[in-house]
Amino acid sequence: MTLKGKHIVLGITGSIAAYKAAYLLRAFVKKGAEVQVVMTPAGKEFITPVTLSALSGKPVVSEFFTANDGTWHSHVDLGLWADVMVIAPATAASIGKMAHGVADNMLITTYLSSKAPVFIAPAMDLDMFAHPSTQNNLNLLRSYGNHIIEPASGELASHLEGKGRMEEPDRIVAIIEEFFASQQALAKKKVMITAGPTYEKLDPVRFIGNYSSGKMGFAIAEACAQAGADVTLIAGPVSLKTTHPAIKRIDVESADEMYDAAVSAFAESDAAIMCAAVADYKPAVRCDVKMKRSADDMTLQLVPNRDIAAALGAIKREDQCLVGFALETNDEEANAQSKLAKKNLDFVVLNSLQNPGAGFRHDTNRVTIIERNGNVTDYPCKLKSEVATDIVSLLAQYVNQK
Ligand code: C5P
């Protein structure tokens, strides 16, 4: 009964795969969930609401009003009731409407009103699925934070072979179970994260900085908070916002300020993820007034900043976990291995600037995780939010073993 008491809104749209929704519904109910079915008008052409209301024990919702007595079904109440919304099968048409907010039926209005996480299981013919329009819409939905359950490849209702078959109900149930388990993965844990660049002041108007946007660190902070952790996010100068109430944000500017904030937060933390692109050097002297231009060459004297990750590695307790990042342009794995040892990290997340879609300012990243025990795992190019989820699930294994 791993889904005991969970409220699931199951959205069913007009695809031949709608027959599988009955198995899916039955499996959710067997796991202890309460399921409310919401169907599009086309969905009802493929499977009868009578079957679904018998399996769920609740009348199926499909129209804004019940025709015979004028009862109004509130999509807002349904959206708030849900712990999760699962749309399976999702047709190309419904995916397009969700991506663009075309709220012309009960299912799409419920989707738009829902604050719960949304899982979408597409089902369609291979060419429809591969069409750039469908793929762009799916990418839009991913960018809103929705989870896409990739369709499988195989024989389709059209008798063609290819990618487009709705994922099997048992697998969808397992994905939803894993999702709820992941929300508890860091429960009662404290995680500190550094993110963004540092600015090293030259004078009141100039600094030495770098291109880090902070997106990866902020995505990790969000993923840790979603996994139930109390998060302290120490952020260099970035233009990003944090929304999760479990994230306490400390804004800093220089490496020295970040060092002080990190050392003080680390003592109370179960884990620290060093995601910031800390400047290696700072100016030896900082001018109190704006430096003036002259006709002569100018030489800046720089002195090294302290290595925050290495400092935390040196004071790390047995019960703490320390994770670093390595952004490399050459000899990637060897450099990352040496950082792992030098900074006393538990694992290091390597991203190479040679990989398209990886590194600064992108919304995507492609990483390799190298663990102290010798495990090396390559991940495909993914959204930074998805990379963050991968990092957090590995972190949870470490933290829960300590
Ligand atoms: O040695 P390098 O700067 O490449 O190491 C990168 C890792 O060390 C990252 O996790 C980064 O956040 C951390 N670091 C740090 N303080 C520094 C330099 C790097 O915490 N001064």
# chains A, B, ... in the order shown; residues from 1 in each chain; ligands from 1
>>> residues_near_ligand(ligand="ligand 1", cutoff="7 Å", atoms="only C-alpha atoms and all ligand atoms", output="list of chain:residue names")
A:Thr194, A:Ala255, A:Met274, A:Cys275, A:Ala276, A:Ala277, A:Val278, A:Ala279, A:Asp280, A:Asn305, A:Arg306, A:Asp307, A:Ile308, A:Ala309, A:Ala310, A:Val323, A:Gly324, A:Phe325, A:Ala326, A:Leu327, A:Lys339
>>> write_last_selection(atoms="C-alpha atoms", output="short mmCIF file (atom, residue, chain, number, x, y, z; two decimals), in the first residue's frame")
data_model
loop_
_atom_site.label_atom_id
_atom_site.label_comp_id
_atom_site.auth_asym_id
_atom_site.auth_seq_id
_atom_site.Cartn_x
_atom_site.Cartn_y
_atom_site.Cartn_z
CA THR A 194 27.01 27.18 -2.72
CA ALA A 255 34.84 34.43 -2.17
CA MET A 274 29.84 23.04 -3.65
CA CYS A 275 28.37 24.26 -6.88
CA ALA A 276 29.71 27.83 -6.91
CA ALA A 277 32.26 29.00 -9.45
CA VAL A 278 34.49 30.66 -6.90
CA ALA A 279 37.09 33.10 -8.25
CA ASP A 280 40.56 31.61 -7.76
CA ASN A 305 41.37 33.04 -2.64
CA ARG A 306 40.91 30.30 -0.07
CA ASP A 307 39.46 27.04 -1.41
CA ILE A 308 36.11 26.68 0.37
CA ALA A 309 35.53 23.06 -0.64
CA ALA A 310 39.02 22.04 0.51
CA VAL A 323 30.09 17.01 -2.97
CA GLY A 324 32.08 19.13 -5.41
CA PHE A 325 31.85 20.16 -9.02
CA ALA A 326 34.59 20.13 -11.62
CA LEU A 327 34.20 22.18 -14.78
CA LYS A 339 39.90 17.26 -6.98
#
>>> residues_around(residues="Pro197 of chain A", least_positions_apart="4", cutoff="12 Å", atoms="only C-alpha atoms", output="PyMOL selection string")
chain A and resi 207-217+234-239+251-255+258+274-280+360-361
>>> write_last_selection(atoms="C-alpha atoms", output="mmCIF file, in the first residue's frame")
data_model
loop_
_atom_site.group_PDB
_atom_site.id
_atom_site.type_symbol
_atom_site.label_atom_id
_atom_site.label_comp_id
_atom_site.auth_asym_id
_atom_site.auth_seq_id
_atom_site.Cartn_x
_atom_site.Cartn_y
_atom_site.Cartn_z
ATOM 1 C CA PHE A 207 35.096 43.491 -10.303
ATOM 2 C CA ILE A 208 36.645 40.230 -11.506
ATOM 3 C CA GLY A 209 33.916 37.660 -12.055
ATOM 4 C CA ASN A 210 32.892 34.750 -14.262
ATOM 5 C CA TYR A 211 29.984 33.567 -16.413
ATOM 6 C CA SER A 212 28.342 31.285 -13.841
ATOM 7 C CA SER A 213 24.555 31.857 -13.814
ATOM 8 C CA GLY A 214 23.825 29.878 -10.625
ATOM 9 C CA LYS A 215 21.192 27.793 -12.469
ATOM 10 C CA MET A 216 22.712 24.418 -11.539
ATOM 11 C CA GLY A 217 23.095 25.280 -7.836
ATOM 12 C CA ILE A 234 24.748 30.513 -0.236
ATOM 13 C CA ALA A 235 24.447 32.441 -3.477
ATOM 14 C CA GLY A 236 26.915 34.687 -5.257
ATOM 15 C CA PRO A 237 25.557 37.544 -7.381
ATOM 16 C CA VAL A 238 22.857 35.998 -9.632
ATOM 17 C CA SER A 239 19.518 37.122 -10.976
ATOM 18 C CA ASP A 251 23.439 36.302 -0.557
ATOM 19 C CA VAL A 252 27.159 36.981 -0.730
ATOM 20 C CA GLU A 253 29.429 38.719 -3.203
ATOM 21 C CA SER A 254 33.077 37.746 -2.746
ATOM 22 C CA ALA A 255 34.839 34.428 -2.170
ATOM 23 C CA MET A 258 31.139 32.884 0.722
ATOM 24 C CA MET A 274 29.837 23.043 -3.648
ATOM 25 C CA CYS A 275 28.367 24.256 -6.876
ATOM 26 C CA ALA A 276 29.705 27.829 -6.915
ATOM 27 C CA ALA A 277 32.257 29.000 -9.451
ATOM 28 C CA VAL A 278 34.494 30.657 -6.901
ATOM 29 C CA ALA A 279 37.094 33.096 -8.248
ATOM 30 C CA ASP A 280 40.562 31.610 -7.759
ATOM 31 C CA PHE A 360 27.606 27.980 -17.831
ATOM 32 C CA ARG A 361 24.293 29.693 -18.595
#
>>> select_by_dssp(residues="segment 74-243 of chain A", states="alpha helix (DSSP H)", output="JSON, numbers by chain")
{"A": [75, 76, 77, 78, 79, 80, 81, 92, 93, 94, 95, 96, 97, 98, 99, 100, 106, 107, 108, 109, 110, 111, 112, 113, 126, 127, 128, 129, 130, 132, 133, 134, 135, 136, 137, 138, 139, 140, 141, 142, 143, 169, 170, 171, 172, 173, 174, 175, 176, 177, 178, 179, 180, 181, 182, 215, 216, 217, 218, 219, 220, 221, 222, 223, 224, 225, 226]}
>>> closest_residue(among="A:Gly164, A:Gly79, A:Pro41, A:Pro49", to="Gly14 of chain A", atoms="only C-alpha atoms")
A:Pro41
>>> closest_residue(among="A:Ala185, A:Ala157, A:Ala18, A:Met124", to="Ser393 of chain A", atoms="only C-alpha atoms")
A:Ala185
>>> residues_around(residues="segment 22-24 of chain A", least_positions_apart="3", cutoff="9 Å", atoms="only C-alpha atoms", output="PyMOL selection string")
chain A and resi 18-19+27-29+47+51-52+55+88+168-170+172-173
>>> select_by_dssp(residues="segment 14-158 of chain A", states="strand (DSSP E or B)", output="ChimeraX atom specification")
/A:34-39,61,65,72,84-90,118-122,147-148,152-155
>>> write_last_selection(atoms="C-alpha atoms", output="compact mmCIF listing (two decimals), in the first residue's frame")
# COMPACT_ATOMS: atom_id res chain seq x y z
CA GLU A 34 -7.87 7.57 -3.91
CA VAL A 35 -8.35 8.27 -7.59
CA GLN A 36 -10.54 10.85 -9.27
CA VAL A 37 -10.87 10.36 -13.01
CA VAL A 38 -11.19 13.41 -15.26
CA MET A 39 -11.81 12.67 -18.94
CA VAL A 61 -15.75 14.15 -14.06
CA PHE A 65 -21.71 20.89 -15.33
CA TRP A 72 -20.90 22.59 -11.21
CA VAL A 84 -0.35 14.22 -7.98
CA MET A 85 -1.96 14.49 -11.41
CA VAL A 86 -1.29 11.74 -13.94
CA ILE A 87 -2.44 12.24 -17.52
CA ALA A 88 -2.37 8.85 -19.20
CA PRO A 89 -2.85 8.55 -22.08
CA ALA A 90 -2.04 12.08 -23.24
CA VAL A 118 2.02 16.50 -13.00
CA PHE A 119 3.06 13.34 -14.87
CA ILE A 120 2.21 13.08 -18.56
CA ALA A 121 2.29 9.77 -20.44
CA PRO A 122 2.04 10.51 -24.19
CA HIS A 147 7.32 15.13 -15.71
CA ILE A 148 7.07 13.39 -19.07
CA ALA A 152 7.89 3.04 -25.34
CA SER A 153 8.79 1.74 -28.80
CA GLY A 154 6.91 -1.15 -30.37
CA GLU A 155 3.83 -1.98 -32.37
>>> residues_around(residues="Phe347 of chain A", least_positions_apart="4", cutoff="9 Å", atoms="only C-alpha atoms", output="PyMOL selection string")
chain A and resi 321-325+340+369-373+395
>>> atom_distance(atom1="atom CA of Ala261 of chain A", atom2="atom CA of Gln397 of chain A")
26.2 Å
>>> residues_around(residues="segment 127-133 of chain A", least_positions_apart="4", cutoff="12 Å", atoms="only C-alpha atoms", output="list in words")
Ala90, Thr91, Ala92, Ala93, Ile95, Gly96, Lys97, Ala99, His100, Ala121, Pro122, Ala123, Asn137, Leu138, Asn139, Leu140, Glu150, Pro151, Ala152, Ser153, Leu156, Ser158, Leu160, Glu161, Gly162, Lys163, Gly164, Arg165 and Met166 of chain A
>>> closest_residue(among="A:Tyr379, A:Ala284, A:Leu233, A:Glu257", to="Ser269 of chain A", atoms="only C-alpha atoms")
A:Leu233
>>> atom_distance(atom1="atom CA of Thr242 of chain A", atom2="atom CA of Glu222 of chain A")
7.8 Å
>>> closest_residue(among="A:Thr2, A:Trp81, A:Ala265, A:Thr110", to="Glu177 of chain A", atoms="only C-alpha atoms")
A:Thr2
>>> atom_distance(atom1="atom CA of Glu332 of chain A", atom2="atom CA of Gly313 of chain A")
21.1 Å
